[in-house]
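protein_23.cif (mmCIF, C-alpha atoms) appears below.
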```
data_query
loop_
_atom_site.group_PDB
_atom_site.id
_atom_site.type_symbol
_atom_site.label_atom_id
_atom_site.label_comp_id
_atom_site.auth_asym_id
_atom_site.auth_seq_id
_atom_site.Cartn_x
_atom_site.Cartn_y
_atom_site.Cartn_z
ATOM 1 C CA MET A 1 81.639 33.912 -35.944
ATOM 2 C CA PRO A 2 79.725 32.954 -32.899
ATOM 3 C CA ALA A 3 79.522 29.289 -32.004
ATOM 4 C CA ARG A 4 76.523 27.529 -33.274
ATOM 5 C CA ILE A 5 74.332 25.634 -30.751
ATOM 6 C CA PRO A 6 73.283 22.217 -32.017
ATOM 7 C CA SER A 7 69.532 21.688 -32.605
ATOM 8 C CA TRP A 8 69.352 18.862 -30.040
ATOM 9 C CA ALA A 9 70.451 21.338 -27.377
ATOM 10 C CA TRP A 10 67.737 23.785 -28.363
ATOM 11 C CA VAL A 11 65.075 21.051 -28.256
ATOM 12 C CA SER A 12 66.357 19.786 -24.886
ATOM 13 C CA GLY A 13 66.380 23.286 -23.420
ATOM 14 C CA LEU A 14 62.896 24.129 -24.649
ATOM 15 C CA THR A 15 61.563 20.781 -23.339
ATOM 16 C CA ALA A 16 63.121 21.387 -19.913
ATOM 17 C CA ALA A 17 61.657 24.910 -19.800
ATOM 18 C CA ALA A 18 58.212 23.569 -20.736
ATOM 19 C CA VAL A 19 58.358 20.920 -17.985
ATOM 20 C CA VAL A 20 59.308 23.592 -15.423
ATOM 21 C CA ALA A 21 56.493 25.889 -16.625
ATOM 22 C CA VAL A 22 53.908 23.074 -16.375
ATOM 23 C CA GLY A 23 55.158 22.229 -12.870
ATOM 24 C CA VAL A 24 54.829 25.873 -11.750
ATOM 25 C CA LEU A 25 51.311 26.143 -13.216
ATOM 26 C CA ALA A 26 50.279 22.860 -11.586
ATOM 27 C CA ALA A 27 51.525 24.065 -8.197
ATOM 28 C CA LYS A 28 49.571 27.305 -8.553
ATOM 29 C CA ALA A 29 46.426 25.439 -9.643
ATOM 30 C CA ASP A 30 46.679 23.146 -6.611
ATOM 31 C CA GLN A 31 46.483 26.200 -4.340
ATOM 32 C CA GLY A 32 43.296 27.571 -5.969
ATOM 33 C CA PRO A 33 39.606 26.619 -5.467
ATOM 34 C CA HIS A 34 38.591 23.065 -6.377
ATOM 35 C CA PRO A 35 35.167 22.256 -7.835
ATOM 36 C CA THR A 36 33.370 19.357 -6.186
ATOM 37 C CA ALA A 37 30.500 17.348 -7.576
ATOM 38 C CA GLY A 38 27.233 17.517 -5.662
ATOM 39 C CA ARG A 39 28.161 20.479 -3.436
ATOM 40 C CA PRO A 40 27.450 24.118 -4.130
ATOM 41 C CA ALA A 41 30.364 26.349 -5.106
ATOM 42 C CA ALA A 42 31.934 28.523 -2.401
ATOM 43 C CA SER A 43 30.134 31.540 -3.828
ATOM 44 C CA ALA A 44 26.670 30.012 -3.265
ATOM 45 C CA SER A 45 24.632 31.612 -0.521
ATOM 46 C CA ALA A 46 24.863 30.075 2.938
ATOM 47 C CA SER A 47 21.091 29.692 3.098
ATOM 48 C CA ALA A 48 20.920 27.507 -0.004
ATOM 49 C CA ARG A 49 20.348 23.899 0.958
ATOM 50 C CA PRO A 50 19.839 20.946 -1.316
ATOM 51 C CA SER A 51 16.151 20.057 -1.421
ATOM 52 C CA ALA A 52 15.119 16.674 -0.124
ATOM 53 C CA ALA A 53 13.781 14.205 -2.658
ATOM 54 C CA PRO A 54 9.996 14.250 -2.670
ATOM 55 C CA LYS A 55 8.473 11.481 -0.594
ATOM 56 C CA PRO A 56 6.472 8.963 -2.544
ATOM 57 C CA PRO A 57 2.785 9.104 -1.698
ATOM 58 C CA ALA A 58 1.664 6.787 1.078
ATOM 59 C CA PRO A 59 -0.132 3.700 -0.167
ATOM 60 C CA PRO A 60 -3.898 3.965 0.106
ATOM 61 C CA ALA A 61 -5.213 2.768 3.452
ATOM 62 C CA VAL A 62 -7.475 -0.237 3.737
ATOM 63 C CA PRO A 63 -11.017 1.201 3.524
ATOM 64 C CA ALA A 64 -12.771 1.712 6.839
ATOM 65 C CA GLY A 65 -15.653 -0.632 7.544
ATOM 66 C CA SER A 66 -14.127 -3.444 5.487
ATOM 67 C CA GLY A 67 -14.092 -5.998 8.281
ATOM 68 C CA THR A 68 -11.280 -7.503 10.300
ATOM 69 C CA GLY A 69 -8.831 -10.361 9.995
ATOM 70 C CA ARG A 70 -7.359 -11.958 6.893
ATOM 71 C CA ARG A 71 -9.440 -10.903 3.891
ATOM 72 C CA ILE A 72 -9.627 -9.435 0.408
ATOM 73 C CA VAL A 73 -11.050 -5.911 0.208
ATOM 74 C CA TYR A 74 -12.398 -4.636 -3.120
ATOM 75 C CA SER A 75 -13.240 -0.927 -3.489
ATOM 76 C CA LEU A 76 -15.627 -0.244 -6.356
ATOM 77 C CA GLY A 77 -14.843 3.494 -6.375
ATOM 78 C CA GLN A 78 -11.073 3.191 -6.122
ATOM 79 C CA LYS A 79 -10.869 0.223 -8.525
ATOM 80 C CA ARG A 80 -8.398 -1.358 -6.139
ATOM 81 C CA VAL A 81 -8.024 -4.592 -4.145
ATOM 82 C CA TRP A 82 -6.181 -5.008 -0.831
ATOM 83 C CA LEU A 83 -4.869 -8.376 0.317
ATOM 84 C CA VAL A 84 -5.079 -7.944 4.093
ATOM 85 C CA ASP A 85 -3.191 -10.380 6.334
ATOM 86 C CA ALA A 86 -4.183 -11.499 9.849
ATOM 87 C CA SER A 87 -2.251 -8.581 11.392
ATOM 88 C CA GLU A 88 -4.567 -6.123 9.584
ATOM 89 C CA LYS A 89 -1.729 -4.959 7.284
ATOM 90 C CA PRO A 90 -2.186 -5.011 3.525
ATOM 91 C CA SER A 91 0.384 -7.387 2.061
ATOM 92 C CA ARG A 92 -0.341 -6.094 -1.431
ATOM 93 C CA ILE A 93 -2.530 -3.464 -3.112
ATOM 94 C CA LEU A 94 -3.727 -4.267 -6.625
ATOM 95 C CA PRO A 95 -5.193 -1.901 -9.230
ATOM 96 C CA VAL A 96 -8.053 -3.600 -11.093
ATOM 97 C CA TRP A 97 -10.244 -3.103 -14.178
ATOM 98 C CA PRO A 98 -13.848 -4.047 -13.393
ATOM 99 C CA GLY A 99 -16.279 -5.563 -15.861
ATOM 100 C CA THR A 100 -19.799 -4.293 -16.500
ATOM 101 C CA VAL A 101 -21.477 -6.228 -13.662
ATOM 102 C CA ASN A 102 -20.360 -5.066 -10.213
ATOM 103 C CA PRO A 103 -21.126 -6.919 -6.992
ATOM 104 C CA ASP A 104 -23.167 -5.109 -4.351
ATOM 105 C CA PRO A 105 -21.243 -3.847 -1.305
ATOM 106 C CA GLY A 106 -21.060 -6.490 1.405
ATOM 107 C CA ALA A 107 -19.140 -9.520 2.636
ATOM 108 C CA TYR A 108 -18.778 -12.630 0.480
ATOM 109 C CA LYS A 109 -16.825 -15.883 0.664
ATOM 110 C CA VAL A 110 -14.617 -17.240 -2.114
ATOM 111 C CA SER A 111 -16.706 -20.066 -3.544
ATOM 112 C CA LEU A 112 -14.467 -21.463 -6.279
ATOM 113 C CA ARG A 113 -11.017 -21.092 -7.739
ATOM 114 C CA ARG A 114 -10.190 -22.067 -11.280
ATOM 115 C CA ARG A 115 -6.690 -22.169 -12.787
ATOM 116 C CA SER A 116 -7.737 -21.020 -16.303
ATOM 117 C CA THR A 117 -10.685 -20.699 -18.667
ATOM 118 C CA THR A 118 -12.163 -18.332 -21.228
ATOM 119 C CA GLY A 119 -13.981 -15.301 -19.839
ATOM 120 C CA SER A 120 -17.515 -14.358 -20.865
ATOM 121 C CA ASP A 121 -15.905 -11.730 -23.118
ATOM 122 C CA GLY A 122 -13.962 -14.419 -25.031
ATOM 123 C CA VAL A 123 -10.566 -13.548 -23.467
ATOM 124 C CA ALA A 124 -8.331 -16.379 -22.161
ATOM 125 C CA ILE A 125 -7.946 -15.808 -18.403
ATOM 126 C CA GLU A 126 -6.206 -17.438 -15.434
ATOM 127 C CA HIS A 127 -6.157 -17.275 -11.620
ATOM 128 C CA ILE A 128 -9.942 -17.009 -11.456
ATOM 129 C CA VAL A 129 -11.330 -16.476 -7.941
ATOM 130 C CA TYR A 130 -15.157 -16.547 -7.835
ATOM 131 C CA PHE A 131 -16.904 -14.858 -4.917
ATOM 132 C CA ALA A 132 -20.309 -13.459 -5.971
ATOM 133 C CA ALA A 133 -23.110 -13.580 -8.513
ATOM 134 C CA LYS A 134 -25.330 -10.791 -9.751
ATOM 135 C CA SER A 135 -27.938 -10.591 -12.491
ATOM 136 C CA GLY A 136 -27.119 -14.155 -13.551
ATOM 137 C CA HIS A 137 -23.392 -13.428 -13.940
ATOM 138 C CA SER A 138 -20.538 -14.784 -11.860
ATOM 139 C CA VAL A 139 -18.282 -12.153 -10.330
ATOM 140 C CA ALA A 140 -14.615 -13.113 -10.082
ATOM 141 C CA PHE A 141 -11.082 -11.751 -9.981
ATOM 142 C CA SER A 142 -8.784 -12.866 -12.825
ATOM 143 C CA ASN A 143 -6.020 -11.819 -15.150
ATOM 144 C CA ALA A 144 -5.841 -12.135 -18.924
ATOM 145 C CA LEU A 145 -3.240 -14.625 -20.141
ATOM 146 C CA ASP A 146 -1.891 -12.043 -22.591
ATOM 147 C CA GLY A 147 -1.697 -9.377 -19.857
ATOM 148 C CA ALA A 148 -4.270 -7.170 -21.589
ATOM 149 C CA SER A 149 -6.871 -5.163 -19.719
ATOM 150 C CA PRO A 150 -9.215 -4.127 -22.512
ATOM 151 C CA PRO A 151 -12.561 -2.568 -21.682
ATOM 152 C CA PRO A 152 -15.414 -5.066 -22.001
ATOM 153 C CA ALA A 153 -16.744 -5.407 -25.534
ATOM 154 C CA ALA A 154 -19.767 -3.220 -26.241
ATOM 155 C CA GLY A 155 -22.965 -4.995 -25.286
ATOM 156 C CA LYS A 156 -21.175 -7.779 -23.349
ATOM 157 C CA GLN A 157 -22.093 -8.363 -19.723
ATOM 158 C CA THR A 158 -19.152 -9.561 -17.650
ATOM 159 C CA GLY A 159 -18.472 -9.865 -13.941
ATOM 160 C CA GLY A 160 -14.738 -10.268 -14.495
ATOM 161 C CA ILE A 161 -12.536 -8.000 -12.385
ATOM 162 C CA ARG A 162 -9.224 -8.033 -14.246
ATOM 163 C CA MET A 163 -5.745 -7.263 -12.972
ATOM 164 C CA ALA A 164 -2.135 -7.522 -14.118
ATOM 165 C CA ALA A 165 -0.713 -11.056 -14.398
ATOM 166 C CA ALA A 166 1.657 -10.678 -11.410
ATOM 167 C CA ASP A 167 -1.213 -9.344 -9.294
ATOM 168 C CA GLY A 168 -3.446 -12.216 -10.397
ATOM 169 C CA ALA A 169 -0.784 -14.702 -9.298
ATOM 170 C CA ALA A 170 -0.442 -12.916 -5.929
ATOM 171 C CA LEU A 171 -4.207 -12.930 -5.340
ATOM 172 C CA TRP A 172 -4.355 -16.622 -6.331
ATOM 173 C CA ALA A 173 -1.597 -17.500 -3.846
ATOM 174 C CA PHE A 174 -3.278 -15.459 -1.077
ATOM 175 C CA THR A 175 -6.740 -16.945 -1.587
ATOM 176 C CA SER A 176 -8.384 -20.182 -0.615
ATOM 177 C CA ALA A 177 -12.037 -21.127 -0.214
ATOM 178 C CA PRO A 178 -13.636 -19.682 1.976
ATOM 179 C CA THR A 179 -11.518 -16.508 2.166
ATOM 180 C CA THR A 180 -13.675 -13.454 2.906
ATOM 181 C CA VAL A 181 -14.057 -10.830 0.173
ATOM 182 C CA THR A 182 -15.428 -7.497 1.383
ATOM 183 C CA VAL A 183 -16.791 -5.166 -1.291
ATOM 184 C CA VAL A 184 -17.012 -1.472 -0.391
ATOM 185 C CA ASN A 185 -18.071 1.566 -2.364
#
```
For the structure just supplied, provide its representation as structure tokens.
Amino acid sequence: MPARIPSWAWVSGLTAAAVVAVGVLAAKADQGPHPTAGRPAASASASARPSAAPKPPAPPAVPAGSGTGRRIVYSLGQKRVWLVDASEKPSRILPVWPGTVNPDPGAYKVSLRRRSTTGSDGVAIEHIVYFAAKSGHSVAFSNALDGASPPPAAGKQTGGIRMAAADGAALWAFTSAPTTVTVVN
């Protein structure tokens, strides 16, 4: 009768063989190609290059013919306001939502600033900067306290030019009487 090998010897031998096999496979894998994140595989064509991220559009330029020096420029057509510093660079560009009464193109001076009130449309507003009047209505920049920018109520006449709350605060900080406001088409 042949000698019987104890089970612990079989288990130990199989474990040792498995460790050797894993080591051999690991050594072979280390010699092969390695994938890398963010780079094309070796089989990719040499002419393939990663595309550059698209450039964000340039901010809109201060409208021509809007004056010189430190001023606020309001474009009726673009529905946008530029806060222009003394170096002729816009320090901020603000999208706005005009009311139903628009000022005529031209140069105005800020006549009054008011911390808060209720607009002619019944909306609570703040950072009010008055600069013109037309058809018996005051024209002013402001922002709604609740951040809303609803269209004016049907049949209501309002000269309020609304903006986001952060933009209203920036315009308020930039402005003093008699800051020039230039309105362009």
Interface rows for range 50-80 of chain A against range 160-177 of chain A: nearest pair, Å to one decimal, 12 Å, all atoms listed in the file, as JSON lines:
```
{"residue": "A:Arg70", "atom": "CA", "partner": "A:Phe174", "partner_atom": "CA", "distance": 9.6}
{"residue": "A:Arg71", "atom": "CA", "partner": "A:Thr175", "partner_atom": "CA", "distance": 8.6}
{"residue": "A:Ile72", "atom": "CA", "partner": "A:Thr175", "partner_atom": "CA", "distance": 8.3}
{"residue": "A:Val73", "atom": "CA", "partner": "A:Leu171", "partner_atom": "CA", "distance": 11.3}
{"residue": "A:Tyr74", "atom": "CA", "partner": "A:Ile161", "partner_atom": "CA", "distance": 9.9}
{"residue": "A:Ser75", "atom": "CA", "partner": "A:Ile161", "partner_atom": "CA", "distance": 11.4}
{"residue": "A:Leu76", "atom": "CA", "partner": "A:Ile161", "partner_atom": "CA", "distance": 10.3}
{"residue": "A:Lys79", "atom": "CA", "partner": "A:Ile161", "partner_atom": "CA", "distance": 9.2}
{"residue": "A:Arg80", "atom": "CA", "partner": "A:Met163", "partner_atom": "CA", "distance": 9.4}
```
Task: Pro151 in chain A environment, 10 Å, all atoms listed in the file, sequence neighbours closer than 5 positions dropped, as an NGL selection string - done: :A and (97-100 or 121 or 162)
Open item on the list: When you count only C-alpha atoms, which of these residues is closest to Asp104 in chain A: A:Thr180, A:Asn185, A:Ser149, A:Ser142?
Closed with: A:Asn185
Open item on the list: Translate the PyMOL selection byres ((chain A and resi 156) around 12) into a concrete residue list for this structure, as a PyMOL selection string.
Closed with: chain A and resi 99-101+119-122+137+151-155+157-160
Task: Atomic separation - CA of Val184 in chain A relative to CA of Pro103 in chain A, Å - done: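 Value for the CA of Pro103 in chain A-CA of Val184 in chain A distance: 9.5 Å.
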TODO: List the neighbours of Lys109 in chain A out to 6 Å using all atoms listed in the file; skip same-chain residues closer than 2 positions along the sequence, and give me the result as a list of chain:residue names.
DONE: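 The residues satisfying every condition are A:Ser111, A:Phe131, A:Pro178, A:Thr179, A:Thr180, A:Val181.
Nearest to Pro60 in chain A of all the residues A:Arg114, A:His127, A:Lys89, A:Lys134 is A:Lys89, based on only C-alpha atoms.
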Open item on the list: Ranking A:Pro95, A:Gly106, A:Pro90, A:Gly147 by minimum distance to Ser66 in chain A and counting all atoms listed in the file, which one comes first?
Closed with: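 Using all atoms listed in the file, Ser66 in chain A sits closest to A:Gly106.
Residue nearest Ser138 in chain A within the list A:Ala124, A:Glu88, A:Ser116, A:Val110: A:Val110 [criterion: smallest interatomic distance, all atoms listed in the file].
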Show me, as AutoDock Vina command-line options, the centre and edge lengths in Å to one decimal of the axis-aligned box that covers every listed atom of range 160-177 of chain A with 3 Å on each side.
```
--center_x -6.5 --center_y -14.2 --center_z -7.4 --size_x 22.4 --size_y 19.9 --size_z 20.3
```
Task: Straight-line distance linking CA of Leu83 in chain A with CA of Ala61 in chain A, stated in Å to one decimal - done: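 Spanning CA of Leu83 in chain A to CA of Ala61 in chain A is a straight-line distance of 11.6 Å.
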Open item on the list: Report, in Å to a single decimal, how far apart CA of Ala64 in chain A and CA of Thr182 in chain A are.
Closed with: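 Separating CA of Thr182 in chain A from CA of Ala64 in chain A is a distance of 11.0 Å.
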Open item on the list: Between A:Ser12, A:Arg113, A:Val96, A:Gly65, which residue has the minimum interatomic distance to Tyr130 in chain A, considering only C-alpha atoms?
Closed with: A:Arg113
